[in-house]
$ cat entry25.cif   # mmCIF, C-alpha atoms (C1' of nucleotides)
data_my_file
loop_
_atom_site.label_atom_id
_atom_site.label_comp_id
_atom_site.auth_asym_id
_atom_site.auth_seq_id
_atom_site.Cartn_x
_atom_site.Cartn_y
_atom_site.Cartn_z
CA MET A 17 13.53 -5.04 22.94
CA ARG A 18 16.40 -7.51 22.94
CA ASN A 19 19.68 -6.89 21.23
CA THR A 20 19.73 -9.92 18.98
CA SER A 21 22.07 -10.59 16.06
CA GLN A 22 19.12 -10.21 13.69
CA ARG A 23 18.30 -6.81 15.11
CA LYS A 24 21.92 -5.73 14.61
CA ALA A 25 21.84 -7.03 11.05
CA VAL A 26 18.72 -5.01 10.25
CA LEU A 27 20.28 -1.86 11.69
CA LEU A 28 23.47 -2.53 9.73
CA ALA A 29 21.53 -3.00 6.52
CA LEU A 30 19.51 0.15 7.17
CA GLY A 31 22.80 1.99 7.60
CA ASP A 32 24.23 0.56 4.38
CA LEU A 33 21.11 1.30 2.42
CA HIS A 34 20.44 4.65 4.02
CA GLY A 35 19.19 7.09 1.45
CA THR A 36 17.96 4.36 -0.88
CA HIS A 37 14.64 3.86 0.92
CA PRO A 38 14.76 0.06 0.79
CA THR A 39 11.79 -2.28 1.01
CA ALA A 40 11.65 -5.10 3.55
CA SER A 41 12.73 -7.52 0.82
CA GLU A 42 15.72 -5.38 -0.10
CA ILE A 43 16.78 -5.21 3.54
CA TYR A 44 16.33 -8.97 3.77
CA GLY A 45 18.45 -9.43 0.64
CA ALA A 46 21.22 -7.15 1.93
CA ILE A 47 21.40 -9.21 5.10
CA LYS A 48 21.44 -12.58 3.34
CA VAL A 49 24.17 -11.38 0.97
CA ARG A 50 26.41 -10.97 3.97
CA ASN A 51 25.59 -14.56 4.90
CA TYR A 52 23.79 -13.52 8.01
CA GLN A 53 20.99 -15.74 9.18
CA ILE A 54 17.58 -14.12 9.21
CA GLY A 55 14.01 -14.80 8.12
CA LEU A 56 11.84 -12.42 6.15
CA ALA A 57 9.21 -12.47 8.89
CA THR A 58 11.83 -11.30 11.38
CA VAL A 59 12.75 -8.42 9.09
CA TYR A 60 9.13 -7.33 9.05
CA ARG A 61 8.70 -7.77 12.79
CA THR A 62 11.91 -5.90 13.54
CA LEU A 63 11.08 -3.04 11.20
CA ASP A 64 7.60 -2.74 12.70
CA ALA A 65 9.07 -2.47 16.16
CA MET A 66 11.55 0.16 15.01
CA VAL A 67 8.83 2.20 13.34
CA GLU A 68 6.79 1.93 16.53
CA ARG A 69 9.73 3.30 18.50
CA GLY A 70 10.29 6.07 16.00
CA ASP A 71 13.76 4.85 14.99
CA VAL A 72 12.67 4.13 11.46
CA ALA A 73 10.35 5.95 9.09
CA ALA A 74 8.01 4.10 6.75
CA VAL A 75 6.69 5.44 3.45
CA ARG A 76 4.21 3.54 1.36
CA THR A 77 4.89 3.73 -2.36
CA GLY A 78 3.22 1.94 -5.26
CA ASN A 79 3.06 -1.59 -3.90
CA ALA A 80 5.48 -1.89 -1.01
CA VAL A 81 6.46 -0.04 2.14
CA ARG A 82 9.89 1.58 2.12
CA TYR A 83 11.93 2.14 5.27
CA ASP A 84 14.58 4.58 6.35
CA LEU A 85 16.57 5.38 9.47
CA THR A 86 15.23 8.56 11.02
CA HIS A 87 18.43 10.46 11.65
CA HIS A 88 16.35 13.59 11.58
CA HIS A 89 12.73 14.40 10.96
CA HIS A 90 12.06 14.69 7.28
CA HIS A 91 9.31 14.50 4.70
CA HIS A 92 8.98 12.37 1.63
CA ILE A 93 8.30 13.25 -1.94
CA VAL A 94 7.43 10.34 -4.21
CA CYS A 95 7.67 10.42 -7.99
CA GLN A 96 4.44 9.07 -9.40
CA ASN A 97 6.22 8.01 -12.56
CA CYS A 98 9.36 6.18 -11.42
CA GLY A 99 8.58 5.70 -7.73
CA LYS A 100 11.74 7.41 -6.54
CA VAL A 101 11.55 8.73 -2.98
CA THR A 102 13.33 11.97 -2.10
CA ASP A 103 13.74 13.47 1.35
CA VAL A 104 13.03 17.01 2.41
CA ASP A 105 14.44 18.07 5.75
CA ALA A 106 11.64 18.99 8.13
CA SER A 107 13.56 21.94 9.52
CA GLU A 108 13.45 23.54 6.09
CA VAL A 109 9.69 23.48 5.90
CA PRO A 110 8.03 26.73 6.96
CA SER A 111 6.13 26.16 10.19
CA GLU A 112 3.19 28.26 9.00
CA LEU A 113 2.54 25.41 6.64
CA LEU A 114 1.66 22.91 9.33
CA THR A 115 -0.21 25.57 11.25
CA PHE A 116 -2.32 26.19 8.17
CA PHE A 117 -3.26 22.55 7.81
CA GLU A 118 -3.94 22.17 11.52
CA GLY A 119 -6.39 25.05 11.43
CA GLU A 120 -7.96 23.61 8.31
CA THR A 121 -8.46 20.08 9.57
CA GLY A 122 -8.20 19.91 13.35
CA PHE A 123 -5.39 17.39 13.05
CA ASP A 124 -2.38 17.41 15.34
CA LEU A 125 0.55 17.73 12.97
CA ALA A 126 3.36 18.30 15.46
CA ASP A 127 5.32 15.35 14.11
CA ALA A 128 3.44 14.99 10.86
CA THR A 129 5.00 13.55 7.78
CA ILE A 130 4.10 15.24 4.57
CA GLN A 131 4.04 13.04 1.52
CA LEU A 132 4.03 14.84 -1.78
CA ASN A 133 3.27 13.00 -4.96
CA GLY A 134 4.64 14.66 -8.05
CA ILE A 135 6.86 14.07 -11.05
CA CYS A 136 10.61 14.20 -10.45
CA ALA A 137 13.02 16.19 -12.60
CA ASP A 138 14.35 13.10 -14.39
CA CYS A 139 10.90 11.99 -15.44
CA THR A 140 9.84 15.49 -16.44
CA THR A 141 12.72 15.86 -18.90
CA THR A 142 12.41 12.33 -20.28
CA ARG A 143 8.83 12.76 -21.37
CA MET B 26 -14.32 4.17 -22.95
CA ARG B 27 -17.63 2.43 -23.33
CA ASN B 28 -20.69 3.29 -21.29
CA THR B 29 -21.42 -0.13 -19.82
CA SER B 30 -23.80 -0.97 -17.00
CA GLN B 31 -20.81 -1.83 -14.80
CA ARG B 32 -19.25 1.54 -15.42
CA LYS B 33 -22.52 3.24 -14.46
CA ALA B 34 -22.70 1.11 -11.32
CA VAL B 35 -19.20 2.15 -10.27
CA LEU B 36 -20.02 5.81 -10.81
CA LEU B 37 -23.26 5.40 -8.86
CA ALA B 38 -21.42 3.75 -5.98
CA LEU B 39 -18.76 6.45 -6.01
CA GLY B 40 -21.56 9.02 -5.77
CA ASP B 41 -23.24 7.18 -2.90
CA LEU B 42 -20.01 6.71 -1.03
CA HIS B 43 -18.62 10.13 -1.84
CA GLY B 44 -16.84 11.52 1.13
CA THR B 45 -16.25 8.11 2.67
CA HIS B 46 -13.13 7.36 0.60
CA PRO B 47 -14.11 3.75 -0.17
CA THR B 48 -11.74 0.95 -1.12
CA ALA B 49 -12.26 -1.11 -4.27
CA SER B 50 -13.81 -3.84 -2.14
CA GLU B 51 -16.23 -1.41 -0.53
CA ILE B 52 -17.27 -0.13 -3.93
CA TYR B 53 -17.69 -3.72 -5.08
CA GLY B 54 -19.81 -4.45 -2.00
CA ALA B 55 -22.02 -1.40 -2.54
CA ILE B 56 -22.69 -2.53 -6.09
CA LYS B 57 -23.47 -6.13 -5.17
CA VAL B 58 -25.83 -4.99 -2.41
CA ARG B 59 -27.98 -3.39 -5.08
CA ASN B 60 -28.01 -6.72 -6.85
CA TYR B 61 -26.03 -5.38 -9.76
CA GLN B 62 -23.82 -7.81 -11.60
CA ILE B 63 -20.11 -6.98 -11.50
CA GLY B 64 -16.77 -8.66 -10.84
CA LEU B 65 -14.10 -7.36 -8.51
CA ALA B 66 -11.58 -7.27 -11.37
CA THR B 67 -13.91 -4.99 -13.29
CA VAL B 68 -14.14 -2.65 -10.33
CA TYR B 69 -10.36 -2.40 -10.29
CA ARG B 70 -10.07 -1.97 -14.05
CA THR B 71 -12.80 0.66 -14.10
CA LEU B 72 -11.31 2.61 -11.21
CA ASP B 73 -7.87 2.48 -12.82
CA ALA B 74 -9.28 3.92 -16.02
CA MET B 75 -11.09 6.65 -14.12
CA VAL B 76 -7.96 7.58 -12.20
CA GLU B 77 -6.05 7.65 -15.49
CA ARG B 78 -8.63 10.07 -16.87
CA GLY B 79 -8.53 12.19 -13.73
CA ASP B 80 -12.17 11.57 -12.84
CA VAL B 81 -11.24 9.77 -9.67
CA ALA B 82 -8.54 10.39 -7.08
CA ALA B 83 -6.66 7.54 -5.41
CA VAL B 84 -5.06 7.73 -1.97
CA ARG B 85 -3.06 4.90 -0.55
CA THR B 86 -3.66 4.37 3.14
CA GLY B 87 -2.38 1.65 5.43
CA ASN B 88 -2.92 -1.36 3.23
CA ALA B 89 -5.44 -0.49 0.56
CA VAL B 90 -6.04 2.20 -2.03
CA ARG B 91 -9.03 4.44 -1.41
CA TYR B 92 -10.91 6.19 -4.18
CA ASP B 93 -12.95 9.35 -4.47
CA LEU B 94 -14.72 11.30 -7.16
CA THR B 95 -12.66 14.37 -8.00
CA HIS B 96 -15.23 17.11 -8.02
CA HIS B 97 -12.40 19.49 -7.38
CA HIS B 98 -8.69 19.19 -6.79
CA HIS B 99 -8.01 18.42 -3.17
CA HIS B 100 -5.42 16.98 -0.86
CA HIS B 101 -5.68 14.21 1.68
CA ILE B 102 -4.84 14.07 5.31
CA VAL B 103 -4.73 10.59 6.82
CA CYS B 104 -4.96 9.87 10.53
CA GLN B 105 -2.15 7.52 11.46
CA ASN B 106 -4.18 6.21 14.37
CA CYS B 107 -7.64 5.46 12.99
CA GLY B 108 -6.98 5.68 9.24
CA LYS B 109 -9.64 8.31 8.61
CA VAL B 110 -9.09 10.32 5.44
CA THR B 111 -10.04 13.99 5.37
CA ASP B 112 -10.02 16.32 2.38
CA VAL B 113 -8.39 19.71 2.12
CA ASP B 114 -9.46 21.86 -0.78
CA ALA B 115 -6.50 22.54 -3.05
CA SER B 116 -7.55 26.14 -3.63
CA GLU B 117 -7.08 26.81 0.06
CA VAL B 118 -3.48 25.70 0.05
CA PRO B 119 -1.00 28.56 -0.22
CA SER B 120 0.77 28.35 -3.57
CA GLU B 121 4.09 29.28 -1.97
CA LEU B 122 3.96 25.83 -0.45
CA LEU B 123 4.30 23.97 -3.73
CA THR B 124 6.81 26.51 -4.94
CA PHE B 125 8.89 25.87 -1.85
CA PHE B 126 8.96 22.13 -2.39
CA GLU B 127 9.63 22.48 -6.10
CA GLY B 128 12.67 24.61 -5.42
CA GLU B 129 13.80 22.19 -2.76
CA THR B 130 13.49 19.01 -4.79
CA GLY B 131 13.28 19.77 -8.50
CA PHE B 132 9.94 17.99 -8.69
CA ASP B 133 7.12 19.23 -10.86
CA LEU B 134 4.23 19.69 -8.45
CA ALA B 135 1.74 21.46 -10.72
CA ASP B 136 -0.97 18.90 -9.98
CA ALA B 137 0.66 17.38 -6.95
CA THR B 138 -1.31 15.68 -4.25
CA ILE B 139 -0.17 16.35 -0.75
CA GLN B 140 -0.70 13.61 1.72
CA LEU B 141 -0.35 14.59 5.34
CA ASN B 142 -0.08 11.94 7.98
CA GLY B 143 -1.02 13.12 11.41
CA ILE B 144 -3.35 12.41 14.30
CA CYS B 145 -6.95 13.56 13.90
CA ALA B 146 -8.82 15.54 16.54
CA ASP B 147 -10.87 12.50 17.65
CA CYS B 148 -7.79 10.41 18.28
CA THR B 149 -5.94 13.23 20.00
CA THR B 150 -8.68 13.68 22.60
CA THR B 151 -9.22 9.96 23.14
CA ARG B 152 -5.64 9.27 24.14
"C1'" DT C 24 -19.14 -6.95 -37.16
"C1'" DT C 25 -15.61 -5.36 -34.55
"C1'" DC C 26 -13.18 -4.76 -30.62
"C1'" DC C 27 -13.49 -3.16 -26.05
"C1'" DA C 28 -15.23 -4.65 -21.65
"C1'" DT C 29 -16.40 -8.28 -18.64
"C1'" DG C 30 -16.36 -12.43 -15.39
"C1'" DC C 31 -14.03 -15.88 -13.38
"C1'" DA C 32 -10.32 -18.03 -11.39
"C1'" DA C 33 -5.68 -18.36 -11.03
"C1'" DA C 34 -1.44 -15.90 -10.20
"C1'" DC C 35 1.15 -12.44 -7.97
"C1'" DG C 36 3.89 -9.83 -4.51
"C1'" DT C 37 3.74 -8.11 0.00
"C1'" DT C 38 2.76 -8.72 4.63
"C1'" DT C 39 1.04 -11.41 8.64
"C1'" DT C 40 0.47 -15.37 11.56
"C1'" DG C 41 0.82 -20.05 14.08
"C1'" DC C 42 3.76 -22.70 16.32
"C1'" DA C 43 7.74 -25.11 17.73
"C1'" DT C 44 12.43 -23.74 18.84
"C1'" DT C 45 16.14 -20.79 20.20
"C1'" DT C 46 18.40 -17.33 22.90
"C1'" DC C 47 18.96 -13.10 25.41
"C1'" DG C 48 18.95 -11.23 29.97
"C1'" DC D 30 15.03 -20.15 34.12
"C1'" DG D 31 11.45 -17.39 31.75
"C1'" DA D 32 10.06 -14.22 28.51
"C1'" DA D 33 10.83 -12.49 24.22
"C1'" DA D 34 12.57 -13.23 19.56
"C1'" DT D 35 13.24 -16.31 15.76
"C1'" DG D 36 12.55 -19.41 11.50
"C1'" DC D 37 9.74 -21.63 8.62
"C1'" DA D 38 5.85 -22.39 5.99
"C1'" DA D 39 1.28 -21.46 5.33
"C1'" DA D 40 -2.20 -18.16 5.04
"C1'" DA D 41 -4.05 -13.71 4.29
"C1'" DC D 42 -4.60 -9.70 1.76
"C1'" DG D 43 -5.09 -6.45 -2.00
"C1'" DT D 44 -4.34 -6.34 -6.70
"C1'" DT D 45 -3.38 -7.98 -11.48
"C1'" DT D 46 -3.70 -11.00 -15.39
"C1'" DG D 47 -5.07 -14.72 -18.97
"C1'" DC D 48 -8.55 -16.13 -21.51
"C1'" DA D 49 -12.99 -17.19 -23.23
"C1'" DT D 50 -17.41 -14.80 -23.57
"C1'" DG D 51 -20.57 -10.88 -24.06
"C1'" DG D 52 -22.14 -6.48 -25.55
"C1'" DA D 53 -21.57 -1.44 -27.08
"C1'" DA D 54 -20.79 1.12 -31.08
#
$ encode --input "entry25.cif" --output "structure tokens"
Amino acid sequence: MRNTSQRKAVLLALGDLHGTHPTASEIYGAIKVRNYQIGLATVYRTLDAMVERGDVAAVRTGNAVRYDLTHHHHHHIVCQNCGKVTDVDASEVPSELLTFFEGETGFDLADATIQLNGICADCTTTR
Amino acid sequence: MRNTSQRKAVLLALGDLHGTHPTASEIYGAIKVRNYQIGLATVYRTLDAMVERGDVAAVRTGNAVRYDLTHHHHHHIVCQNCGKVTDVDASEVPSELLTFFEGETGFDLADATIQLNGICADCTTTR
DNA sequence: TTCCATGCAAACGTTTTGCATTTCG
DNA sequence: CGAAATGCAAAACGTTTGCATGGAA
């Protein structure tokens, strides 16, 4: 993987937007705003490569995929009402949990990502 | 909600395909194969209504949404390699699990669906 | 008779791809 | 120099929507 200016720009944008779980379009927008030259296809290709390498985590929400730098292994919890994505640190999750699911399903969950779909506190109080 | 022939056809297809977690297109195909008259848009609209009513569960995998009759509340575990979706009965999931995540995130997870992304047994042995 | 449901086709937003061109190593 | 990465535009894909028509209640 070459160290191109576009690759740097994507990493920079991911850093800027870290915690906001941006979509490919949002990352593209953040890069263009800085007057960096990049194409949307390159954003997708770069993100795919980063996900492949494990540098970036991808979560699929409603209609688009959201990306995030994987500083540490974490899980995602998605609000089914507003779409907000919240992180839960993997180290905080009891290990018996994964063991339970592994026994139940035969899956290898060593590096599994749990995605919980619920209703966030904001949406619970607003309704 | 009216009891139309298309609605019956969708239910029939969901019964036939139960356990296979079909996409809207697959449901559409199963209906057309029987020479029933239906449009793809109707399949989507009908499935949406059923999900809204809680009769059908939707899981988003790679690129498409997969549907399943909700005979009982269950969770989904998706193989990141082959895309296979496996069910885990909700009643078998320790309740402390949801409680843990609720405390951690402030989400309301009363009826939450857990989606685990891992590598299934087949794919583990084949690699 | 009244609306809700339907079919069709067009629109939509996201993601992928073909191909000529650039650029890193 | 050669392989890999890029930009652009077009295409692909799943899904939604507008609107005229049909059918359940």
$ residues_around --input "entry25.cif" --residues "A:Arg18" --least-positions-apart "6" --cutoff "9 Å" --atoms "all atoms listed in the file" --output "list in words"
DC47 and DG48 of chain C; DA33 and DA34 of chain D
$ resolve_selection --input "entry25.cif" --expression "the PyMOL selection byres ((chain A) within 12 of (chain D))" --output "list in words"
Met17, Arg18, Asn19, Thr20, Ser21, Gln22, Arg23, Gln53, Ile54, Gly55, Leu56, Ala57, Thr58, Val59, Tyr60, Arg61, Thr62, Ala65, Gly78, Asn79 and Ala80 of chain A
$ calpha_fit_and_write --input "entry25.cif" --fixed "chain B" --moving "chain A" --output "compact mmCIF listing (two decimals) with C-alpha atoms, in the frame of the given file"
# COMPACT_ATOMS: atom_id res chain seq x y z
CA MET A 17 -13.97 3.94 -22.88
CA ARG A 18 -17.36 2.30 -23.32
CA ASN A 19 -20.41 3.25 -21.36
CA THR A 20 -21.21 -0.12 -19.88
CA SER A 21 -23.68 -0.89 -17.09
CA GLN A 22 -20.75 -1.80 -14.83
CA ARG A 23 -19.12 1.55 -15.46
CA LYS A 24 -22.37 3.31 -14.55
CA ALA A 25 -22.65 1.22 -11.40
CA VAL A 26 -19.14 2.19 -10.30
CA LEU A 27 -19.88 5.87 -10.89
CA LEU A 28 -23.15 5.53 -8.99
CA ALA A 29 -21.42 3.86 -6.08
CA LEU A 30 -18.69 6.50 -6.07
CA GLY A 31 -21.43 9.12 -5.90
CA ASP A 32 -23.20 7.35 -3.04
CA LEU A 33 -20.02 6.84 -1.11
CA HIS A 34 -18.54 10.22 -1.92
CA GLY A 35 -16.76 11.61 1.09
CA THR A 36 -16.26 8.19 2.66
CA HIS A 37 -13.14 7.36 0.64
CA PRO A 38 -14.18 3.77 -0.12
CA THR A 39 -11.86 0.92 -1.02
CA ALA A 40 -12.38 -1.17 -4.15
CA SER A 41 -14.04 -3.84 -2.01
CA GLU A 42 -16.43 -1.33 -0.47
CA ILE A 43 -17.38 -0.06 -3.92
CA TYR A 44 -17.85 -3.65 -5.04
CA GLY A 45 -20.06 -4.32 -2.01
CA ALA A 46 -22.18 -1.21 -2.60
CA ILE A 47 -22.82 -2.35 -6.15
CA LYS A 48 -23.69 -5.94 -5.22
CA VAL A 49 -26.07 -4.72 -2.51
CA ARG A 50 -28.11 -3.09 -5.23
CA ASN A 51 -28.18 -6.44 -7.00
CA TYR A 52 -26.15 -5.15 -9.87
CA GLN A 53 -23.95 -7.63 -11.65
CA ILE A 54 -20.25 -6.91 -11.47
CA GLY A 55 -16.97 -8.66 -10.73
CA LEU A 56 -14.31 -7.40 -8.37
CA ALA A 57 -11.74 -7.42 -11.17
CA THR A 58 -13.97 -5.11 -13.19
CA VAL A 59 -14.19 -2.72 -10.25
CA TYR A 60 -10.41 -2.56 -10.13
CA ARG A 61 -10.06 -2.19 -13.88
CA THR A 62 -12.71 0.51 -14.02
CA LEU A 63 -11.24 2.45 -11.12
CA ASP A 64 -7.78 2.26 -12.68
CA ALA A 65 -9.10 3.69 -15.90
CA MET A 66 -10.88 6.48 -14.06
CA VAL A 67 -7.77 7.36 -12.09
CA GLU A 68 -5.82 7.38 -15.35
CA ARG A 69 -8.32 9.84 -16.80
CA GLY A 70 -8.22 11.98 -13.70
CA ASP A 71 -11.89 11.42 -12.84
CA VAL A 72 -11.04 9.64 -9.63
CA ALA A 73 -8.38 10.24 -7.01
CA ALA A 74 -6.58 7.39 -5.28
CA VAL A 75 -5.01 7.55 -1.83
CA ARG A 76 -3.09 4.68 -0.36
CA THR A 77 -3.75 4.14 3.33
CA GLY A 78 -2.59 1.36 5.65
CA ASN A 79 -3.28 -1.68 3.50
CA ALA A 80 -5.66 -0.70 0.74
CA VAL A 81 -6.13 2.03 -1.84
CA ARG A 82 -9.07 4.36 -1.28
CA TYR A 83 -10.88 6.12 -4.12
CA ASP A 84 -12.85 9.31 -4.47
CA LEU A 85 -14.55 11.28 -7.22
CA THR A 86 -12.46 14.32 -8.05
CA HIS A 87 -15.10 17.02 -8.07
CA HIS A 88 -12.32 19.46 -7.37
CA HIS A 89 -8.62 19.21 -6.75
CA HIS A 90 -7.94 18.45 -3.14
CA HIS A 91 -5.35 17.01 -0.81
CA HIS A 92 -5.58 14.19 1.66
CA ILE A 93 -4.74 14.01 5.30
CA VAL A 94 -4.63 10.53 6.79
CA CYS A 95 -4.88 9.76 10.49
CA GLN A 96 -2.09 7.39 11.39
CA ASN A 97 -4.11 6.06 14.30
CA CYS A 98 -7.59 5.35 12.91
CA GLY A 99 -6.91 5.59 9.18
CA LYS A 100 -9.55 8.24 8.57
CA VAL A 101 -9.00 10.28 5.41
CA THR A 102 -9.94 13.97 5.40
CA ASP A 103 -9.93 16.30 2.42
CA VAL A 104 -8.37 19.71 2.18
CA ASP A 105 -9.45 21.84 -0.75
CA ALA A 106 -6.48 22.60 -2.98
CA SER A 107 -7.62 26.17 -3.55
CA GLU A 108 -7.16 26.84 0.15
CA VAL A 109 -3.53 25.84 0.14
CA PRO A 110 -1.12 28.76 -0.21
CA SER A 111 0.62 28.54 -3.57
CA GLU A 112 3.97 29.53 -2.07
CA LEU A 113 3.88 26.13 -0.47
CA LEU A 114 4.16 24.21 -3.71
CA THR A 115 6.64 26.72 -5.04
CA PHE A 116 8.80 26.08 -2.00
CA PHE A 117 8.83 22.34 -2.54
CA GLU A 118 9.44 22.70 -6.27
CA GLY A 119 12.51 24.81 -5.63
CA GLU A 120 13.65 22.34 -3.00
CA THR A 121 13.30 19.19 -5.08
CA GLY A 122 13.05 19.99 -8.77
CA PHE A 123 9.71 18.22 -8.94
CA ASP A 124 6.82 19.49 -11.01
CA LEU A 125 4.02 19.93 -8.50
CA ALA A 126 1.46 21.73 -10.65
CA ASP A 127 -1.17 19.09 -9.94
CA ALA A 128 0.53 17.54 -6.95
CA THR A 129 -1.36 15.82 -4.22
CA ILE A 130 -0.12 16.43 -0.75
CA GLN A 131 -0.62 13.62 1.69
CA LEU A 132 -0.21 14.53 5.32
CA ASN A 133 0.04 11.86 7.94
CA GLY A 134 -0.92 13.02 11.39
CA ILE A 135 -3.25 12.28 14.28
CA CYS A 136 -6.85 13.44 13.90
CA ALA A 137 -8.73 15.37 16.57
CA ASP A 138 -10.79 12.35 17.65
CA CYS A 139 -7.72 10.24 18.25
CA THR A 140 -5.85 13.05 19.98
CA THR A 141 -8.59 13.49 22.59
CA THR A 142 -9.16 9.77 23.10
CA ARG A 143 -5.59 9.06 24.09
$ resolve_selection --input "entry25.cif" --expression "the PyMOL selection byres ((chain A) within 10 of (chain B))" --output "PyMOL selection string"
chain A and resi 76-81+91-96+102-105+108-110+112-114+116-118+120-140
$ closest_residue --input "entry25.cif" --among "A:Ile47, A:Val67, A:Cys98, A:Ala40" --to "chain C" --atoms "all atoms listed in the file"
A:Ala40
$ atom_distance --input "entry25.cif" --atom1 "atom CA of B:Tyr53" --atom2 "atom CA of B:Asp41"
12.4 Å
$ interface_residues --input "entry25.cif" --of "chain C" --to "chain A" --cutoff "12 Å" --atoms "only C-alpha atoms (C1' of nucleotides)" --output "PyMOL selection string"
chain C and resi 35-40+45-48
$ atom_distance --input "entry25.cif" --atom1 "atom CA of A:Ser111" --atom2 "atom CA of A:Arg82"
26.1 Å
$ atom_distance --input "entry25.cif" --atom1 "atom CA of B:Gly108" --atom2 "atom CA of A:Thr86"
22.5 Å
$ closest_residue --input "entry25.cif" --among "B:Leu72, B:Ile52, B:Ala82, B:Ala34" --to "B:His99" --atoms "only C-alpha atoms"
B:Ala82
$ resolve_selection --input "entry25.cif" --expression "the PyMOL selection byres ((chain B and resi 93) around 9)" --output "list in words"
Leu39, Gly40, Leu42, His43, Gly44, Thr45, His46, Pro47, Asp80, Val81, Ala82, Ala83, Val84, Arg91, Tyr92, Leu94, Thr95 and His96 of chain B
$ write_last_selection --input "entry25.cif" --atoms "C-alpha atoms" --output "mmCIF file, in the coordinates of the input"
data_model
loop_
_atom_site.group_PDB
_atom_site.id
_atom_site.type_symbol
_atom_site.label_atom_id
_atom_site.label_comp_id
_atom_site.auth_asym_id
_atom_site.auth_seq_id
_atom_site.Cartn_x
_atom_site.Cartn_y
_atom_site.Cartn_z
ATOM 1 C CA LEU B 39 -18.760 6.450 -6.010
ATOM 2 C CA GLY B 40 -21.560 9.020 -5.770
ATOM 3 C CA LEU B 42 -20.010 6.710 -1.030
ATOM 4 C CA HIS B 43 -18.620 10.130 -1.840
ATOM 5 C CA GLY B 44 -16.840 11.520 1.130
ATOM 6 C CA THR B 45 -16.250 8.110 2.670
ATOM 7 C CA HIS B 46 -13.130 7.360 0.600
ATOM 8 C CA PRO B 47 -14.110 3.750 -0.170
ATOM 9 C CA ASP B 80 -12.170 11.570 -12.840
ATOM 10 C CA VAL B 81 -11.240 9.770 -9.670
ATOM 11 C CA ALA B 82 -8.540 10.390 -7.080
ATOM 12 C CA ALA B 83 -6.660 7.540 -5.410
ATOM 13 C CA VAL B 84 -5.060 7.730 -1.970
ATOM 14 C CA ARG B 91 -9.030 4.440 -1.410
ATOM 15 C CA TYR B 92 -10.910 6.190 -4.180
ATOM 16 C CA LEU B 94 -14.720 11.300 -7.160
ATOM 17 C CA THR B 95 -12.660 14.370 -8.000
ATOM 18 C CA HIS B 96 -15.230 17.110 -8.020
#
$ build_atoms --input "entry25.cif" --residues "stretch 104-113 of chain B" --atoms "N, CA, C and O atoms" --output "CSV table (one decimal), keeping the file's coordinate frame"
chain,number,residue,atom,x,y,z
B,104,CYS,N,-5.3,10.1,9.1
B,104,CYS,CA,-5.0,9.9,10.5
B,104,CYS,C,-4.2,8.6,10.7
B,104,CYS,O,-4.6,7.5,10.3
B,105,GLN,N,-3.0,8.7,11.3
B,105,GLN,CA,-2.2,7.5,11.5
B,105,GLN,C,-2.7,6.6,12.5
B,105,GLN,O,-2.2,5.5,12.7
B,106,ASN,N,-3.6,7.1,13.3
B,106,ASN,CA,-4.2,6.2,14.4
B,106,ASN,C,-5.4,5.4,13.9
B,106,ASN,O,-5.4,4.2,14.0
B,107,CYS,N,-6.4,6.1,13.4
B,107,CYS,CA,-7.6,5.5,13.0
B,107,CYS,C,-7.8,5.3,11.5
B,107,CYS,O,-8.7,4.6,11.0
B,108,GLY,N,-6.9,5.9,10.7
B,108,GLY,CA,-7.0,5.7,9.2
B,108,GLY,C,-7.9,6.6,8.5
B,108,GLY,O,-8.0,6.5,7.3
B,109,LYS,N,-8.7,7.4,9.2
B,109,LYS,CA,-9.6,8.3,8.6
B,109,LYS,C,-9.0,9.3,7.6
B,109,LYS,O,-7.9,9.8,7.8
B,110,VAL,N,-9.6,9.4,6.5
B,110,VAL,CA,-9.1,10.3,5.4
B,110,VAL,C,-10.0,11.6,5.4
B,110,VAL,O,-11.2,11.5,5.3
B,111,THR,N,-9.3,12.7,5.4
B,111,THR,CA,-10.0,14.0,5.4
B,111,THR,C,-9.5,14.8,4.2
B,111,THR,O,-8.4,14.7,3.8
B,112,ASP,N,-10.4,15.5,3.5
B,112,ASP,CA,-10.0,16.3,2.4
B,112,ASP,C,-9.6,17.7,2.8
B,112,ASP,O,-10.2,18.3,3.7
B,113,VAL,N,-8.7,18.3,2.0
B,113,VAL,CA,-8.4,19.7,2.1
B,113,VAL,C,-8.5,20.3,0.7
B,113,VAL,O,-7.8,19.8,-0.2
